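A short worksheet on the structure shown next.
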2 protein chains.
Amino acid sequence: MAQFTVTFQPVGRSVKVAEQVTILEAAGAAGLPLHAACGGHGHCGKCAVRVISGASDPTPSESRLFTEEELAGGWRLACRTRVAGDISVDVPASALIVSHRIEVNGIGREVLIEPNIVKTALRLPAPTADDPRDDLTRIMDALDDDVRAPNSIRALRDLPSLLRRNSFHVTAVTAGRTLTSIEPGDTSEASYGISIDIGTTTVVVYLCHLPTGEVVSISSELNPQAQYGEDVISRLQLATSGPEGLARLHGSITQAIDRLIGQAADQAGIARDVIYEIAVVGNTCMSHLLLGLDPIGLVRLPFVPTFKGAQLVRASDLGIQIHPDGNVYVVPNIGGYVGADTVGVILASELDQSTGLQVAVDIGTNGEIVVAQDGELWACSTAAGPAFEGARISRGMRAATGAIDKVSLDGDVDCHVLGDVAPTGICGSGLVDAVAEMVRVGVVDESGRLRRQEDVNGVPEKVRRRIVENEAGLEFILASAEESGSGRPIAITARDIRESQLAKGAIYAGVDLLLQMLGRKPDEIDRLLLAGAFGNYIRRESAVAIGLVPALPPERIVSIGNAAGLGARLVLCSVSLRRRAEQFARRVHHIELSEQDSFYDRFADAMALRPLPRPA
Amino acid sequence: MAQFTVTFQPVGRSVKVAEQVTILEAAGAAGLPLHAACGGHGHCGKCAVRVISGASDPTPSESRLFTEEELAGGWRLACRTRVAGDISVDVPASALIVSHRIEVNGIGREVLIEPNIVKTALRLPAPTADDPRDDLTRIMDALDDDVRAPNSIRALRDLPSLLRRNSFHVTAVTAGRTLTSIEPGDTSEASYGISIDIGTTTVVVYLCHLPTGEVVSISSELNPQAQYGEDVISRLQLATSGPEGLARLHGSITQAIDRLIGQAADQAGIARDVIYEIAVVGNTCMSHLLLGLDPIGLVRLPFVPTFKGAQLVRASDLGIQIHPDGNVYVVPNIGGYVGADTVGVILASELDQSTGLQVAVDIGTNGEIVVAQDGELWACSTAAGPAFEGARISRGMRAATGAIDKVSLDGDVDCHVLGDVAPTGICGSGLVDAVAEMVRVGVVDESGRLRRQEDVNGVPEKVRRRIVENEAGLEFILASAEESGSGRPIAITARDIRESQLAKGAIYAGVDLLLQMLGRKPDEIDRLLLAGAFGNYIRRESAVAIGLVPALPPERIVSIGNAAGLGARLVLCSVSLRRRAEQFARRVHHIELSEQDSFYDRFADAMALRPLPRPA
């Protein structure tokens with residue numbers, strides 16, 4: 001059989017194929033897979049290409065789908081055009097199936113972009129006496145066989161006039177393989193989603209371009225629920241005090257999200273109605289409050305959530321304005337205090353498919369710990385408190401401009417400040433650094449006691465002089481009133497040190513206890529992942545020095561950034577990862593630390609400011 | 001192995017079974033299948049029975065599910081209680097699986113009641129440290145494996161307090177195997193649905209008790225869209241004139257339905273929120289207007305509906321108030337002018353599974369015809385006009401109190417009146433009778449011409465004198481002003497005869513043409529079904545005499561009443577029948593009469609008032 005050459009532009013790739021092979025098949029053979037939503041039946045127009053040389057006569061489907069002018073210009077369907085000689089075609093970017101890369105800090109990984117929301121541009125033939133299919137069937141026939149008809153009447157409301165005004169050139173929007181709406185012309189590129197990380201302290205909204213998985217803008221603000229209570233427990237008390245308390249917490253978070261989405265859309269210069277879906281992570285309490293669900297089961301033992309599995313609700317039912325048919329996907333929770341945010345961390349770090357012994361620690365207002373042994377998962381939550389997010393620390397702040405994020409006491413007090421300005425406070429990584437350095441030079445002892453100037457020996461004078469005593473007690477000045485950007489000194493108080501000890505002790509004890517349940521030891525950890533914004537800035541040496549994490553060689557400790565938020569973006573951009581998260585969330589062993597008798601002893605031991613574990 | 005006798009009360013049936021068999025299994029063996037929603041795992045409490053004698057000690061699940069008092073009274077789970085001696089149990093009606101009978105006029109048939117809406121009473125164990133399942137999982141575990149979690153957050157809103165306030169005794173409502181809501185205590189009997197027949201002229205609402213399929217009340221009114229146009233064409237013109245016209249037609253029908261549901265619920269003494277689903281039939285135009293869909297494709301050839309397949313929409317989206325999560329199921333259409341009402345007729349009469357040659361004629365404002373040949377289906381719609389519904393007839397009225405429904409001209413004019421009152425008008429069956437009798441005695445000739453008194457011979461004088469001539473032309477007096485209940489004479493005018501001829505000619509020509517396309521002849525019809533309210537009252541002999549239907553022996557003609565409305569009730573009470581309707585609706589051959597060249601010749605021929613077909 002005769003062989004001919006097919007050349008694809010603008011990439012300039014060629015392939016030799018037998019006569020009668022379609023351009024669609026040839027493109028596949030050349031490693032340039034093209035979209036063919038209708039299965040290569042000439043219905044969807046998704047594989048439209050421009051033949052530069054060697055064009056054949058148009059087939060009936062092509063005559064229906066293209067204007068005279070377009071046909072003369074060489075426009076054909078790759079699925080209908082068969083090779084009958086050497087041929088050269090120009091492939092528009094929209095016809096190409098591409099896979100994209102999503103970065104996890106510290107762990108590079110490739111993710112196939114396959115969002116739940118798919119937009120397919122269609123060029124449909126107009127009805128004739130021989131083809132009197134109803135409008136909806138005409139569209140369904142052009143889509144993949146597994147796409148279901150709309151379950152909302154809204155999609156059909158304007159359909160007849162929409163089709164006729166646009167010469168039957170429209171874009172079909174599907175969500176979860178269900179047709180949800182039809183838009184005029186080709187709008188397939190205008191497809192956006194939102195991923196949200198609802199922290200107890202901060203809410204972050206990412207606007208993502210769904211076809212590429214790229215983040216196009218980010219907005220964030222403090223969780224407005226904080227006005228009703230800084231921590232989860234006080235919000236639970238308000239939420240379970242009556243319908244009004246619950247409504248206030250529910251309303252404040254949904255309004256914040258709606259506001260942040262508006263900001264993110266404005267920044268990106270897009271309309272809200274091309275945002276089709278939202279994916280959310282947060283701890284179990286945040287998930288309940290977002291959905292307005294009574295968290296009564298979470299306030300007493302056994303901690304019983306109202307739901308654990310993934311939820312899909314209409315955004316409009318939550319008062320969040322995106323596309324009118326847009327949904328909010330809430331990532332599943334693991335248990336009472338181990339929530340969807342931890343599912344996000346596991347998904348981003350692929351702990352569910354990991355080998356060896358791996359541990360992830362997500363340090364936020366609570367500290368969640370996951371231990372993976374050859375992919376089997378154990379998780380717990382520790383009431384670490386918000387010290388490492390800057391809360392309850394006298395001059396604490398978040399890792400933002402003006403925050404001291406690194407401290408060295410080598411000969412003198414040397415602070416690194418974010419944003420190249422005078423310091424205004426100290427963030428979590430700065431706090432860990434400061435405490436580690438104070439212990440190293442001997443200003444603080446292992447039990448956490450801050451020494452008086454006169455009790456300190458062998459410490460450079462410039463450092464020793466920073467210990468001061470005032471009416472509130474002892475403190476260590478990192479920046480004097482003159483050095484500070486706010487005119488107030490920035491100091492670490494004795495109480496700040498105690499808060500860091502409580503936070504780090506809870507985290508270490510949690511790791512230690514989970515490992516012990518598996519009969520494993522801290523030094524057997526193959527990889528320790530630090531998640532959370534804090535994890536991005538922390539000096540691994542300092543975290544080891546104060547016994548926040550087990551004493552491991554630095555190369556085994558990896559910062560992975562805001563893995564919970566990334567998890568939300570992954571489930572937004574990939575239905576496979578969404579299914580995977582739903583599956584592993586069910587099989588994580590959830591350990592309730594407060595039910596483990598040995599926890600409090602471990603906790604007390606783990607308060608010591610020194611590398612841990614202690615030698616046997 | 002030892003054998004023991006299990007006796008079931010109050011039915012008094014016994015069965016001998018081996019030791020260790022469960023009461024649930026014994027009941028099945030005795031032909032008394034019991035509910036076991038959880039699969040016999042002791043979770044759902046659906047199979048609760050009272051052991052009269054021979055009770056064994058309660059198992060842990062029973063101790064959890066029943067109070068001390070109930071246990072002492074002999075309450076046990078049939079799935080947990082094993083036979084260890086002779087035993088006698090009392091089976092409450094709620095535990096029994098029963099099948100019910102739904103009547104089709106003229107065709108008796110049994111329908112297994114398996115509604116889309118299922119309510120399951122549950123007695124769940126309360127959470128413990130060993131069983132900290134979340135509330136939703138606790139419920140899902142007690143339901144059948146194929147039941148899906150709710151897709152609306154509403155169901156979860158009050159769940160935690162609802163469960164705890166009711167000692168975990170609740171009723172789960174599922175719609176289409178999806179959990180939709182949870183109610184306190186056992187509400188399984190309070191389960192209702194609505195079936196609706198939207199005629200062009202009349203809207204009828206049936207309130208059905210879902211567990212038994214029984215109609216508990218009926219309400220109806222004239223279709224309020226009639227104020228905007230008597231027939232489908234004039235309503236289509238208004239609907240396609242702009243959004244306002246469409247909104248007016250949509251609003252008037254949805255408001256009427258909401259009003260009628262309120263009336264039906266009041267009559268039955270039930271609340272609207274125990275109505276969980278609505279099933280609707282109507283012609284294609286009525287379906288579009290109900291859903292507020294632009295019917296632009298229906299106004300010109302090729303007649304293209306916006307949708308044909310079944311639709312499921314939230315009742316609240318249509319402004320119809322039932323249970324907040326209640327849906328409206330719209331039965332699929334067949335084509336531009338053959339709608340869901342015809343699907344209802346086919347389903348009620350089982351034409352899709354029939355043998356031989358069967359024909360159904362549904363006479364309403366339009367006339368729809370279905371021909372079934374060994375279960376293969378052809379259907380068309382004829383613009384028969386509303387003559388047989390009493391419209392466009394000078395003294396026409398519906399088949400209600402005061403309507404002349406039967407006429408005999410044997411020696412004198414003898415009219416039968418519905419409701420034993422003085423006549424106020426004439427209904428469809430009376431019109432057919434009157435015309436048939438006038439032709440028989442010679443007052444009207446076969447061409448439809450009403451003769452003058454002086455041209456009539458061999459007719460009893462009392463009949464002949466009823467022919468009068470006034471300024472409007474000739475007419476035949478059925479009841480004089482004195483005999484009439486309204487003080488105005490009731491007469492058949494020359495124009496009334498012409499209207500009947502147009503209506504019956506269109507129907508006959510449609511039947512004739514469909515048969516000819518199959519190569520069959522009218523006298524080969526094995527069974528002819530007359531559907532519609534009209535079909536209930538019509539005298540078969542008269543219908544044959546004027547050539548409304550083919551000349552068949554009377555035993556082959558069967559009246560089946562409002563089969564379209566019954567079809568709506570069948571899909572409400574049986575998901576199998578719902579799926580069956582969706583399947584056959586797709587395979588009906590839809591014939592557009594206006595595209596058939598020979599139709600108009602046949603129509604002209606079929607206007608003759610005589611038995612048809614004409615001898616060759």
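We label chains A, B, ... in the order they appear in the structure tokens, count residues from 1 in each chain, and number ligands from 1 in the order shown.
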
Backbone DSSP call of strand (DSSP E or B) for range 28-156 of chain B, listed as a short mmCIF file (atom, residue, chain, number, x, y, z; two decimals) with N, CA and C atoms, in the first residue's frame:
```cif
data_model
loop_
_atom_site.label_atom_id
_atom_site.label_comp_id
_atom_site.auth_asym_id
_atom_site.auth_seq_id
_atom_site.Cartn_x
_atom_site.Cartn_y
_atom_site.Cartn_z
N LEU B 34 -39.90 -10.17 54.29
CA LEU B 34 -39.82 -9.00 55.18
C LEU B 34 -38.77 -8.02 54.66
N ALA B 48 -38.11 -5.54 62.44
CA ALA B 48 -38.53 -5.74 63.83
C ALA B 48 -39.85 -6.52 63.89
N VAL B 49 -39.89 -7.60 64.70
CA VAL B 49 -41.11 -8.39 64.91
C VAL B 49 -41.26 -8.61 66.42
N ARG B 50 -42.48 -9.04 66.84
CA ARG B 50 -42.68 -9.28 68.26
C ARG B 50 -42.84 -10.78 68.47
N VAL B 51 -41.94 -11.37 69.24
CA VAL B 51 -42.00 -12.80 69.49
C VAL B 51 -43.05 -13.06 70.56
N ILE B 52 -44.07 -13.87 70.21
CA ILE B 52 -45.17 -14.14 71.15
C ILE B 52 -44.78 -15.26 72.11
N SER B 53 -44.15 -16.30 71.56
CA SER B 53 -43.67 -17.37 72.43
C SER B 53 -42.40 -17.96 71.83
N TRP B 75 -39.95 -7.80 71.53
CA TRP B 75 -39.45 -7.23 70.28
C TRP B 75 -38.05 -7.71 69.98
N ARG B 76 -37.88 -8.22 68.76
CA ARG B 76 -36.59 -8.71 68.29
C ARG B 76 -36.44 -8.35 66.82
N LEU B 77 -35.21 -8.50 66.31
CA LEU B 77 -34.97 -8.37 64.87
C LEU B 77 -35.08 -9.74 64.23
N ARG B 82 -32.44 -16.45 65.86
CA ARG B 82 -32.29 -17.77 65.24
C ARG B 82 -33.20 -18.78 65.93
N ILE B 87 -41.46 -21.50 67.67
CA ILE B 87 -41.53 -20.07 67.96
C ILE B 87 -42.71 -19.45 67.21
N SER B 88 -43.34 -18.48 67.86
CA SER B 88 -44.49 -17.82 67.24
C SER B 88 -44.22 -16.31 67.26
N VAL B 89 -44.34 -15.67 66.11
CA VAL B 89 -44.04 -14.23 66.06
C VAL B 89 -45.18 -13.45 65.43
N ASP B 90 -45.29 -12.21 65.86
CA ASP B 90 -46.30 -11.30 65.34
C ASP B 90 -45.58 -10.34 64.38
N LEU B 96 -43.67 -6.11 56.36
CA LEU B 96 -43.97 -6.96 55.21
C LEU B 96 -43.73 -6.25 53.88
N HIS B 100 -48.88 -4.40 45.03
CA HIS B 100 -50.22 -3.85 44.91
C HIS B 100 -50.68 -3.89 43.46
N ARG B 101 -51.98 -3.62 43.28
CA ARG B 101 -52.59 -3.73 41.97
C ARG B 101 -53.00 -2.35 41.51
N ILE B 102 -52.64 -2.01 40.28
CA ILE B 102 -53.11 -0.75 39.70
C ILE B 102 -54.02 -1.11 38.53
N GLU B 103 -55.24 -0.53 38.50
CA GLU B 103 -56.25 -0.88 37.49
C GLU B 103 -56.10 0.01 36.26
N VAL B 104 -56.14 -0.58 35.10
CA VAL B 104 -56.34 0.18 33.88
C VAL B 104 -57.74 -0.18 33.42
N ILE B 107 -58.40 -3.06 30.91
CA ILE B 107 -57.28 -4.00 30.92
C ILE B 107 -56.82 -4.11 32.35
N GLY B 108 -57.12 -5.21 33.02
CA GLY B 108 -56.63 -5.38 34.39
C GLY B 108 -55.14 -5.65 34.32
N ARG B 109 -54.35 -5.03 35.21
CA ARG B 109 -52.94 -5.40 35.26
C ARG B 109 -52.39 -5.15 36.65
N GLU B 110 -51.39 -5.95 36.99
CA GLU B 110 -50.76 -5.86 38.29
C GLU B 110 -49.45 -5.10 38.12
N VAL B 111 -49.20 -4.17 39.00
CA VAL B 111 -47.95 -3.40 38.92
C VAL B 111 -47.22 -3.56 40.24
N GLU B 114 -42.78 0.00 43.25
CA GLU B 114 -41.36 0.21 43.58
C GLU B 114 -41.04 1.65 43.23
N ILE B 117 -39.11 7.06 45.27
CA ILE B 117 -38.97 7.56 46.64
C ILE B 117 -39.16 6.39 47.60
N VAL B 118 -38.16 6.14 48.45
CA VAL B 118 -38.27 5.06 49.43
C VAL B 118 -37.98 5.65 50.81
N LYS B 119 -38.83 5.35 51.77
CA LYS B 119 -38.58 5.80 53.14
C LYS B 119 -38.29 4.58 54.00
N THR B 120 -37.19 4.63 54.73
CA THR B 120 -36.76 3.49 55.54
C THR B 120 -36.59 3.94 56.99
N ALA B 121 -37.38 3.34 57.88
CA ALA B 121 -37.23 3.66 59.31
C ALA B 121 -36.00 2.93 59.84
N LEU B 122 -35.18 3.65 60.60
CA LEU B 122 -33.92 3.09 61.11
C LEU B 122 -33.86 3.22 62.63
N ARG B 123 -33.34 2.20 63.29
CA ARG B 123 -33.00 2.29 64.71
C ARG B 123 -31.51 2.07 64.77
N THR B 128 -20.03 5.18 70.18
CA THR B 128 -19.25 4.85 71.37
C THR B 128 -17.79 5.03 70.98
N ASP B 131 -17.01 2.78 68.33
CA ASP B 131 -17.78 2.96 67.11
C ASP B 131 -17.98 4.46 66.88
N ARG B 148 -26.69 6.10 47.48
CA ARG B 148 -25.62 7.10 47.44
C ARG B 148 -25.84 8.18 48.50
#
```

Check: which chain A residues lie within 8 Å of chain B using only C-alpha atoms, as a PDB file with C-alpha atoms, in the first residue's frame:
```
ATOM      1  CA  PRO A 127     -31.495  20.586  11.598  1.00  0.00           C
ATOM      2  CA  THR A 128     -32.961  19.429   8.301  1.00  0.00           C
ATOM      3  CA  ALA A 129     -35.998  17.325   7.380  1.00  0.00           C
ATOM      4  CA  PRO A 132     -34.814  16.532  12.946  1.00  0.00           C
ATOM      5  CA  ARG A 133     -33.004  15.597  16.165  1.00  0.00           C
ATOM      6  CA  ASP A 134     -34.040  17.726  19.130  1.00  0.00           C
ATOM      7  CA  ASP A 135     -31.551  20.403  20.202  1.00  0.00           C
ATOM      8  CA  LEU A 136     -30.333  18.565  23.282  1.00  0.00           C
ATOM      9  CA  THR A 137     -29.806  15.268  21.447  1.00  0.00           C
ATOM     10  CA  ASN A 151     -29.839  17.635  35.542  1.00  0.00           C
ATOM     11  CA  SER A 152     -30.768  21.311  35.758  1.00  0.00           C
ATOM     12  CA  ILE A 153     -33.237  22.987  33.489  1.00  0.00           C
ATOM     13  CA  LEU A 156     -31.850  24.238  28.384  1.00  0.00           C
ATOM     14  CA  ARG A 157     -33.538  27.596  28.985  1.00  0.00           C
ATOM     15  CA  ASP A 158     -31.989  29.561  26.138  1.00  0.00           C
ATOM     16  CA  LEU A 159     -30.766  26.614  24.123  1.00  0.00           C
ATOM     17  CA  PRO A 160     -32.952  26.937  20.987  1.00  0.00           C
ATOM     18  CA  SER A 161     -32.246  30.616  20.370  1.00  0.00           C
ATOM     19  CA  LEU A 291     -21.248  24.071  54.975  1.00  0.00           C
ATOM     20  CA  GLY A 292     -23.213  25.478  57.916  1.00  0.00           C
ATOM     21  CA  LEU A 293     -23.355  22.053  59.560  1.00  0.00           C
ATOM     22  CA  ASP A 294     -23.870  21.720  63.290  1.00  0.00           C
ATOM     23  CA  PRO A 295     -20.543  20.358  64.662  1.00  0.00           C
ATOM     24  CA  ILE A 296     -22.115  19.139  67.939  1.00  0.00           C
ATOM     25  CA  GLY A 297     -20.467  15.714  67.593  1.00  0.00           C
ATOM     26  CA  LEU A 301     -15.728  12.196  73.040  1.00  0.00           C
ATOM     27  CA  PRO A 302     -16.001  10.154  70.890  1.00  0.00           C
ATOM     28  CA  PHE A 303     -15.385  12.987  68.429  1.00  0.00           C
ATOM     29  CA  VAL A 304     -17.991  12.279  65.721  1.00  0.00           C
ATOM     30  CA  PRO A 305     -18.193  14.536  62.659  1.00  0.00           C
ATOM     31  CA  THR A 306     -21.516  15.008  60.876  1.00  0.00           C
ATOM     32  CA  PHE A 307     -19.874  13.806  57.657  1.00  0.00           C
ATOM     33  CA  LYS A 308     -16.469  12.557  56.613  1.00  0.00           C
ATOM     34  CA  GLN A 311     -19.302  16.806  49.604  1.00  0.00           C
ATOM     35  CA  LEU A 312     -20.450  18.554  46.446  1.00  0.00           C
ATOM     36  CA  VAL A 313     -22.797  21.506  46.953  1.00  0.00           C
ATOM     37  CA  ARG A 314     -24.011  24.358  44.788  1.00  0.00           C
TER      38      ARG A 314
END
```

Residue neighbourhood range 514-517 of chain B, 12 Å, only C-alpha atoms, exclusion window fewer than 2 positions, as a ChimeraX atom specification: /B:357-360,368-373,377-382,507-512,519-525,550,589-593,596,598-599,602

Write the residues you've just listed into a file as a CSV table (one decimal), in the first residue's frame, and include C-alpha atoms for each of them.
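out35.csv was written with the following content:
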```csv
chain,number,residue,atom,x,y,z
B,357,LEU,CA,-51.5,-5.4,15.4
B,358,GLN,CA,-52.8,-3.0,18.0
B,359,VAL,CA,-53.8,0.6,17.7
B,360,ALA,CA,-54.3,3.2,20.4
B,368,GLU,CA,-52.4,11.1,19.0
B,369,ILE,CA,-52.3,7.7,17.3
B,370,VAL,CA,-50.0,4.8,18.1
B,371,VAL,CA,-49.8,1.6,16.0
B,372,ALA,CA,-48.0,-1.4,17.5
B,373,GLN,CA,-47.0,-4.4,15.5
B,377,LEU,CA,-44.2,1.3,17.6
B,378,TRP,CA,-45.3,4.0,15.2
B,379,ALA,CA,-46.9,7.2,16.4
B,380,CYS,CA,-48.3,10.4,14.9
B,381,SER,CA,-50.3,13.4,16.0
B,382,THR,CA,-53.3,14.8,14.1
B,507,ILE,CA,-58.0,10.7,13.3
B,508,TYR,CA,-59.2,8.2,10.8
B,509,ALA,CA,-56.7,9.4,8.1
B,510,GLY,CA,-53.9,9.2,10.7
B,511,VAL,CA,-54.7,5.6,11.6
B,512,ASP,CA,-55.1,4.7,7.9
B,519,GLY,CA,-48.5,-2.6,4.6
B,520,ARG,CA,-51.5,-3.4,6.9
B,521,LYS,CA,-55.2,-2.8,6.5
B,522,PRO,CA,-57.7,-1.4,9.1
B,523,ASP,CA,-59.7,-4.7,9.3
B,524,GLU,CA,-56.5,-6.5,10.4
B,525,ILE,CA,-56.4,-4.6,13.7
B,550,PRO,CA,-62.2,1.7,11.5
B,589,HIS,CA,-41.0,5.7,14.9
B,590,HIS,CA,-42.3,9.2,14.8
B,591,ILE,CA,-44.3,10.1,11.7
B,592,GLU,CA,-44.8,13.7,10.8
B,593,LEU,CA,-48.2,13.6,8.9
B,596,GLN,CA,-46.7,12.7,4.0
B,598,SER,CA,-50.9,11.2,0.7
B,599,PHE,CA,-52.2,12.5,4.0
B,602,ARG,CA,-56.9,10.5,2.9
```

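The environment of Gly326 in chain A within 10 Å, counting only C-alpha atoms and disregarding residues fewer than 6 places along the same chain, consists of Ile117, Ala175, Thr180, Gly193, Asp273, Val274, Ile275, Tyr276, Glu277, Ile278, Val313, Arg314, Ala315, Ser316 and Ile320 of chain A.
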
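Nearest to Ser234 in chain A of all the residues A:Ile182, A:Val299, A:Ile497, A:Cys47 is A:Val299, counting only C-alpha atoms.
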